[in-house]
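Okay, so here's the structure we're looking at.
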4 protein chains.
Amino acid sequence: MSTTINNGDYVLLYLDRRRTYLVKAEKEKSFHTHKGFIPLGELIGKEYGTRFKSSMNVEFVALKPILRDHIFKGLRKTQIMYPKDIALLVMFSAIGPGSSVVEAGTGTGALTTALAFYVKPNGRVYTYEVRQEFMKTASKNLERAGVLDFVELKNKNILDGIDERDVDAVILDLATPWLVVPYANSALRGSGILVSFSPTIDQVVKTVEAMKENMFTAIETIECLMRRMQAIRGKTRPETLMTGHTGYITFARKTLEEIKDWSDKLQDAEQSSSS
Amino acid sequence: MSTTINNGDYVLLYLDRRRTYLVKAEKEKSFHTHKGFIPLGELIGKEYGTRFKSSMNVEFVALKPILRDHIFKGLRKTQIMYPKDIALLVMFSAIGPGSSVVEAGTGTGALTTALAFYVKPNGRVYTYEVRQEFMKTASKNLERAGVLDFVELKNKNILDGIDERDVDAVILDLATPWLVVPYANSALRGSGILVSFSPTIDQVVKTVEAMKENMFTAIETIECLMRRMQAIRGKTRPETLMTGHTGYITFARKTLEEIKDWSDKLQDAEQSSSS
Amino acid sequence: MSTTINNGDYVLLYLDRRRTYLVKAEKEKSFHTHKGFIPLGELIGKEYGTRFKSSMNVEFVALKPILRDHIFKGLRKTQIMYPKDIALLVMFSAIGPGSSVVEAGTGTGALTTALAFYVKPNGRVYTYEVRQEFMKTASKNLERAGVLDFVELKNKNILDGIDERDVDAVILDLATPWLVVPYANSALRGSGILVSFSPTIDQVVKTVEAMKENMFTAIETIECLMRRMQAIRGKTRPETLMTGHTGYITFARKTLEEIKDWSDKLQDAEQSSSS
Amino acid sequence: MSTTINNGDYVLLYLDRRRTYLVKAEKEKSFHTHKGFIPLGELIGKEYGTRFKSSMNVEFVALKPILRDHIFKGLRKTQIMYPKDIALLVMFSAIGPGSSVVEAGTGTGALTTALAFYVKPNGRVYTYEVRQEFMKTASKNLERAGVLDFVELKNKNILDGIDERDVDAVILDLATPWLVVPYANSALRGSGILVSFSPTIDQVVKTVEAMKENMFTAIETIECLMRRMQAIRGKTRPETLMTGHTGYITFARKTLEEIKDWSDKLQDAEQSSSS
């Protein structure tokens with residue numbers, strides 16, 4: 001994998017954990033921080049990971065931006081989902097290379113970016129968003145993260161239904177997820193996964209009820225508390241500040257019609273086993 | 001994506017959250033649970049997600065096993081990493097389709113399975129394990145999960161060094177990760193990611209010190225507490241039992257030699273900016 | 001404070017954190033553990049804190065039992081409240097020496113023991129319990145803990161009303177706390193504290209609604225997660241097992257009728273301040 | 001218990017959870033908030049808990065300040081211990097009416113206030129503080145909370161030793177608690193409790209080692225995470241903000257010299273038991 005910074009590539013200028021800047025390395029351009037000027041054009045041709053000093057003699061590192069940086073540094077107009085929640089949502093949903101995923105709402109594309117990253121190169125994300133201005137921002141964010149090609153942005157209200165069929169997963173991050181559960185049921189393949197992210201427990205309870213009515217199974221709701229540690233000899237401790245709550249994630253799997261009239265097969269199974 | 005159960009396919013028989021069985025759908029075979037017999041052969045040709053009754057008239061669902069099931073249902077001889085930790089480790093490491101990853105130790109392949117799943121189809125996992133019997137079990141688990149092709153199992157001690165160069169990530173889950181940090185530094189490309197998972201805070205402190213000595217940057221240590229919710233109207237509450245601690249995950253990024261003698265460029269940047 | 005063990009005193013035989021035994025030091029008596037015999041009578045006249053060996057040469061310590069030991073070692077027929085929750089409940093309720101407190105239900109007296117301990121020597125706990133067999137057990141537990149004198153055990157259903165008036169606090173640990181809120185309002189003095197402990201969030205929501213209807217103020221709901229640490233150099237880490245949830249504690253304070261017709265006083269206040 | 005507001009009494013003016021004001025009800029005085037004027041003198045003779053409107057027609061409640069208010073509203077020059085930690089510290093230390101307790105350092109008296117409140121009316125707190133200006137502030141805070149009579153403020157460095165003997169508990173909240181462990185051992189009665197509060201895990205490890213060297217037993221370290229819930233129908237969720245870490249609390253109990261030469265008693269115990 002090439003790690004040289006090319007003209008037009010994104011670079012994450014790293015000063016410390018709280019001060020990082022996502023910039024484009026372009027000829028003749030320079031970047032001004034309160035810690036001095038940085039000649040961005042001069043980073044072209046260098047390797048990602050290179051350390052350098054600003055005009056105020058402060059050390060920065062030119063890191064290659066990763067998924068998490070694109071999520072955090074994207075243009076925002078809405079509250080975005082936290083990487084910790086995206087991580088559990090993706091992993092527990094079995095979303096991976098090749099998956100076809102329906103998502104709503106897009107917002108400014110934080111979760112969409114992650115979904116698109118993981119379904120690469122042959123999967124696809126269909127994402128629903130009613131508000132046009134959010135779609136435009138999401139589109140820009142997806143392009144910056146290099147994953148726009150794997151996403152179909154749909155200016156539609158998912159409360160009116162889902163167009164796709166036989167998808168692997170439906171991911172809901174909206175105010176009334178329970179209203180979408182029947183559509184998700186139609187859109188999913190058998191054994192496919194429905195996921196809902198909600199800040200309140202009331203939303204979770206209603207959604208779980210809708211899932212049960214629609215014959216979903218393996219329903220589970222989790223919450224992730226992430227703690228940061230300061231790991232310095234003599235000063236080791238969890239950090240003082242912590243996000244207390246972001247939301248609950250609920251997972252469920254679609255079931256299909258029950259097999260009928262196989263009582264003879266069951267008898268056979270019992271006999272073959274005992275023979 | 002085909003969702004029909006074929007002869008020889010794995011099926012996750014789902015009774016409830018704590019009682020699931022990973023079996024192979026094979027002709028003439030049947031499976032015996034304490035809730036009755038199940039004619040596995042009869043599931044062939046059905047869709048994943050199909051519901052059915054056992055010979056004791058108890059409902060099961062024939063789910064398609066997903067990554068998490070393969071991790072939990074794999075043959076084990078060691079303590080395996082929890083899916084919650086694997087999720088954060090993978091997401092925060094930017095491991096995805098196409099990544100090249102070095103891992104140690106393999107153990108019985110729980111984390112390896114996840115890494116291989118995410119680097120598909122064109123990435124690669126190089127995993128180090130000293131103990132031959134673990135390698136064999138890991139190999140079986142990887143094969144069952146369908147990801148063996150993306151993994152190179154190496155019967156080597158990573159404390160003797162890492163053979164690979166320019167990899168995207170090095171993932172350590174072993175007793176003395178700090179001893180491997182210099183090798184990881186040589187193996188990684190610039191800006192590449194080193195991750196270490198350790199149960200004790202003493203291991204974390206030593207590893208962070210080794211990372212700093214080796215000029216790694218963006219070092220951070222996190223811990224994930226996952227809580228399950230019982231979401232039933234009138235009975236909604238977090239579950240009583242909870243895993244209190246599994247381990248800490250530390251991330252760091254490789255830096256390269258500093259750019260020297262660019263004071264004239266810095267001056268140019270300052271001037272062009274103020275002009 | 002005398003710390004000599006007298007005939008008939010309770011002693012906590014301490015082997016390790018999970019193996020402690022609450023016994024009575026009585027002449028001629030001995031105690032049998034799987035780690036050997038202990039001549040209890042011989043402890044009489046010794047100081048609390050004394051170390052000794054059992055007949056199998058295993059070291060024990062003769063500790064003085066404290067409140068927490070009495071709570072944990074009491075006879076039980078019900079789920080008892082955890083010391084962590086009792087601690088926050090007592091502290092945030094301002095219950096202390098001299099307080100008058102109404103409690104329901106008594107159960108086997110775990111919380112009652114703590115309340116009585118803190119209202120000593122001139123306060124009083126009025127505790128309601130419908131089930132006679134629980135009252136008897138509670139009575140025994142309170143006597144063992146030496147706090148029975150500060151408690152009035154009432155074989156009554158608090159859902160039928162509260163007899164006491166002008167009490168400092170009402171503490172509810174029962175299935176339908178919201179039904180008791182109006183009675184608590186009548187029983188409390190102005191600014192007095194109502195506390196409710198409930199495992200489910202549904203109970204909390206209903207109780208908070210009843211508190212608001214009854215003009216309570218300063219309503220807050222908390223939850224306490226307690227983590228144990230293994231603090232051994234080289235092996236330091238949170239313990240693996242953790243209680244994920246016990247219950248929510250809700251606090252509220254009683255308000256009295258609003259002051260009417262003091263508009264002239266308000267004007268005076270404004271004028272005197274600006275003069 | 002009288003609940004009438006008298007001239008000179010403290011009143012907690014409650015607007016909402018984040019806006020409360022600890023004031024003195026004095027004749028002719030008024031209090032100015034950004035929500036209007038309040039004629040404090042007019043509250044004299046009213047009951048605690050009374051609701052009233054400010055000159056801007058905003059409702060306040062005149063609550064009786066409780067221990068927690070005094071801790072939070074005290075004059076501060078240092079970081080104070082949180083009520084959640086004070087609650088667990090007091091409860092797990094068996095500190096209650098009549099206890100004699102040594103504390104260091106006093107700081108501005110937050111923990112001292114709580115200790116004094118619980119040892120009332122016949123116990124005593126001996127608190128050590130080197131810095132004179134802190135002692136003065138602590139003295140004022142203790143007086144305001146009405147517990148100064150139960151405290152002996154000592155302008156001494158506890159690292160030079162503890163004067164008291166046979167105390168029930170020694171509570172340490174200072175940078176190097178391990179250095180005080182031998183003195184605590186001398187000061188405590190047999191079976192007495194030593195408690196240490198420390199923000200870092202390094203301090204805990206050193207202190208636990210010192211406790212073991214000094215033959216303390218029943219050593220345990222805990223940490224309390226407190227979560228607030230927003231309990232409103234349709235909007236129920238944990239609050240977004242949460243304090244991630246305050247400190248670890250370590251408890252240990254003093255042991256005395258081992259009983260020697262009682263092998264004949266052990267034999268007797270075994271025989272009497274088997275007879």
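Labeling convention for the structure tokens: chains A, B, ... as they appear, residues from 1 per chain, ligands from 1 in order of appearance.
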Apply DSSP to the structure's backbone, then extract all residues of stretch 52-141 of chain C labelled helix (DSSP H, G or I) and return them as an mmCIF file with C-alpha atoms, in the first residue's frame.
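See out39.cif below for the written result:
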```cif
data_model
loop_
_atom_site.group_PDB
_atom_site.id
_atom_site.type_symbol
_atom_site.label_atom_id
_atom_site.label_comp_id
_atom_site.auth_asym_id
_atom_site.auth_seq_id
_atom_site.Cartn_x
_atom_site.Cartn_y
_atom_site.Cartn_z
ATOM 1 C CA LEU C 67 -22.582 -2.841 59.690
ATOM 2 C CA ARG C 68 -21.747 -4.264 56.279
ATOM 3 C CA ASP C 69 -21.081 -7.709 57.747
ATOM 4 C CA HIS C 70 -24.401 -7.708 59.567
ATOM 5 C CA ILE C 71 -26.169 -6.768 56.336
ATOM 6 C CA PHE C 72 -24.474 -9.482 54.298
ATOM 7 C CA LYS C 73 -24.486 -12.159 56.981
ATOM 8 C CA PRO C 83 -24.299 -1.999 50.595
ATOM 9 C CA LYS C 84 -23.280 0.284 47.688
ATOM 10 C CA ASP C 85 -26.928 1.274 47.201
ATOM 11 C CA ILE C 86 -27.568 1.554 50.935
ATOM 12 C CA ALA C 87 -24.525 3.848 51.187
ATOM 13 C CA LEU C 88 -25.746 6.264 48.520
ATOM 14 C CA LEU C 89 -29.327 6.067 49.732
ATOM 15 C CA VAL C 90 -28.363 6.973 53.305
ATOM 16 C CA MET C 91 -25.893 9.705 52.369
ATOM 17 C CA PHE C 92 -28.059 11.426 49.765
ATOM 18 C CA ALA C 110 -30.959 -5.389 55.523
ATOM 19 C CA LEU C 111 -31.731 -1.739 54.833
ATOM 20 C CA THR C 112 -33.526 -1.416 58.185
ATOM 21 C CA THR C 113 -30.299 -2.438 59.927
ATOM 22 C CA ALA C 114 -28.387 0.329 58.173
ATOM 23 C CA LEU C 115 -31.065 2.965 58.791
ATOM 24 C CA ALA C 116 -31.200 2.058 62.487
ATOM 25 C CA PHE C 117 -27.417 2.172 62.725
ATOM 26 C CA TYR C 118 -27.312 5.724 61.383
ATOM 27 C CA VAL C 119 -30.267 7.216 63.302
ATOM 28 C CA GLN C 132 -45.180 -11.993 59.235
ATOM 29 C CA GLU C 133 -42.375 -14.478 58.576
ATOM 30 C CA PHE C 134 -40.192 -11.713 57.140
ATOM 31 C CA MET C 135 -40.830 -9.553 60.187
ATOM 32 C CA LYS C 136 -39.604 -12.319 62.465
ATOM 33 C CA THR C 137 -36.412 -12.761 60.477
ATOM 34 C CA ALA C 138 -35.887 -9.008 60.355
ATOM 35 C CA SER C 139 -36.314 -8.824 64.094
ATOM 36 C CA LYS C 140 -33.627 -11.470 64.615
ATOM 37 C CA ASN C 141 -31.258 -9.736 62.214
#
```
Within 12 Å of chain C, which residues of chain A show up when using only C-alpha atoms, listed as a short mmCIF file (atom, residue, chain, number, x, y, z; two decimals) with N, CA and C atoms, in the first residue's frame?
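Below is the file that was written, selection31.cif:
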```cif
data_model
loop_
_atom_site.label_atom_id
_atom_site.label_comp_id
_atom_site.auth_asym_id
_atom_site.auth_seq_id
_atom_site.Cartn_x
_atom_site.Cartn_y
_atom_site.Cartn_z
N THR A 200 -33.14 7.01 23.69
CA THR A 200 -34.01 6.78 24.84
C THR A 200 -34.46 5.33 24.94
N ILE A 201 -34.76 4.92 26.16
CA ILE A 201 -35.19 3.56 26.41
C ILE A 201 -36.63 3.36 25.93
N ASP A 202 -37.39 4.44 25.88
CA ASP A 202 -38.76 4.35 25.36
C ASP A 202 -38.76 3.93 23.90
N VAL A 205 -37.99 0.17 23.71
CA VAL A 205 -39.10 -0.72 24.08
C VAL A 205 -40.10 -0.82 22.93
N GLU A 223 -25.51 -1.53 25.27
CA GLU A 223 -25.04 -0.17 25.45
C GLU A 223 -23.55 -0.26 25.72
N LEU A 225 -20.16 1.63 27.18
CA LEU A 225 -19.51 2.71 27.92
C LEU A 225 -18.02 2.63 27.64
N THR A 236 -1.17 6.79 36.61
CA THR A 236 -2.11 5.99 35.84
C THR A 236 -3.51 6.00 36.45
N ARG A 237 -4.49 6.34 35.65
CA ARG A 237 -5.88 6.47 36.11
C ARG A 237 -6.81 6.63 34.92
N PRO A 238 -8.07 6.25 35.09
CA PRO A 238 -9.05 6.57 34.06
C PRO A 238 -9.16 8.09 33.94
N GLY A 244 -21.33 9.85 29.29
CA GLY A 244 -22.13 8.96 30.12
C GLY A 244 -23.10 8.11 29.33
#
```
Would you pick out the contacts of A:Tyr126 at 7 Å or less, using only C-alpha atoms, so that residues sharing its chain but fewer than 4 positions from it are not included, and give the list as a list of chain:residue names?
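So the residues in contact are A:Val101, A:Val102, A:Glu103, A:Val151, A:Glu152, A:Leu153.
Residues within 6 Å of A:Thr207, counting only C-alpha atoms and excluding same-chain residues fewer than 3 positions away, are A:Trp178, A:Val204, A:Ala210.
Of the residues under consideration (C:Glu220, C:Asp163, C:Asp149, C:Glu28), C:Glu28 shows the shortest atom-to-atom contact distance to D:Glu270 when counting only C-alpha atoms.
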Excluding same-chain residues fewer than 5 positions from A:Met242, what lies within 9 Å of it counting only C-alpha atoms, as a PyMOL selection string?
(chain A and resi 225-228) or (chain D and resi 241-245)
Could you please determine the separation between atom CA of C:Gly192 and atom CA of C:Ala169 in Å, to one decimal place?
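Atom CA of C:Ala169 lies 5.7 Å from atom CA of C:Gly192.
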Counting only C-alpha atoms, what is within 8 Å of A:Ser54, bar same-chain residues fewer than 3 positions away, as a PyMOL selection string?
(chain A and resi 35-38+57-60) or (chain B and resi 266)
Please, could you write that set of residues out with N, CA and C atoms as a PDB file, in the first residue's frame?
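What landed in selection_13.pdb:
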```
ATOM      1  N   LYS A  35      -0.092  27.296  16.578  1.00  0.00           N
ATOM      2  CA  LYS A  35       1.265  26.841  16.883  1.00  0.00           C
ATOM      3  C   LYS A  35       2.196  27.070  15.692  1.00  0.00           C
ATOM      4  N   GLY A  36       1.802  27.955  14.768  1.00  0.00           N
ATOM      5  CA  GLY A  36       2.691  28.312  13.666  1.00  0.00           C
ATOM      6  C   GLY A  36       2.205  27.854  12.306  1.00  0.00           C
ATOM      7  N   PHE A  37       2.953  28.245  11.264  1.00  0.00           N
ATOM      8  CA  PHE A  37       2.594  27.923   9.885  1.00  0.00           C
ATOM      9  C   PHE A  37       3.176  26.580   9.467  1.00  0.00           C
ATOM     10  N   ILE A  38       2.459  25.925   8.544  1.00  0.00           N
ATOM     11  CA  ILE A  38       2.914  24.647   8.006  1.00  0.00           C
ATOM     12  C   ILE A  38       2.811  24.710   6.483  1.00  0.00           C
ATOM     13  N   ASN A  57       8.348  26.189  15.656  1.00  0.00           N
ATOM     14  CA  ASN A  57       9.205  25.117  16.164  1.00  0.00           C
ATOM     15  C   ASN A  57       8.449  24.101  17.035  1.00  0.00           C
ATOM     16  N   VAL A  58       7.173  23.884  16.720  1.00  0.00           N
ATOM     17  CA  VAL A  58       6.370  22.906  17.450  1.00  0.00           C
ATOM     18  C   VAL A  58       6.224  21.651  16.583  1.00  0.00           C
ATOM     19  N   GLU A  59       6.418  20.456  17.184  1.00  0.00           N
ATOM     20  CA  GLU A  59       6.374  19.235  16.382  1.00  0.00           C
ATOM     21  C   GLU A  59       4.966  18.789  16.043  1.00  0.00           C
ATOM     22  N   PHE A  60       4.762  18.475  14.777  1.00  0.00           N
ATOM     23  CA  PHE A  60       3.536  17.869  14.260  1.00  0.00           C
ATOM     24  C   PHE A  60       3.905  16.553  13.583  1.00  0.00           C
TER      25      PHE A  60
ATOM     26  N   LEU B 266       9.385  27.148   5.748  1.00  0.00           N
ATOM     27  CA  LEU B 266       8.512  27.670   6.816  1.00  0.00           C
ATOM     28  C   LEU B 266       8.354  29.187   6.653  1.00  0.00           C
TER      29      LEU B 266
END
```
Selection near C:Gln267, 9 Å with only C-alpha atoms, sequence-local residues under 5 positions removed, as a PyMOL selection string
(chain C and resi 262+272) or (chain D and resi 37+39+55)
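Here atom CA of D:Glu129 and atom CA of D:Gly247 stand 20.4 Å from one another.
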Considering only strand (DSSP E) as DSSP defines it on the backbone, what residues of stretch 46-123 of chain C qualify? List them as a VMD selection string.
chain C and resid 50 to 53 59 to 63 100 to 104
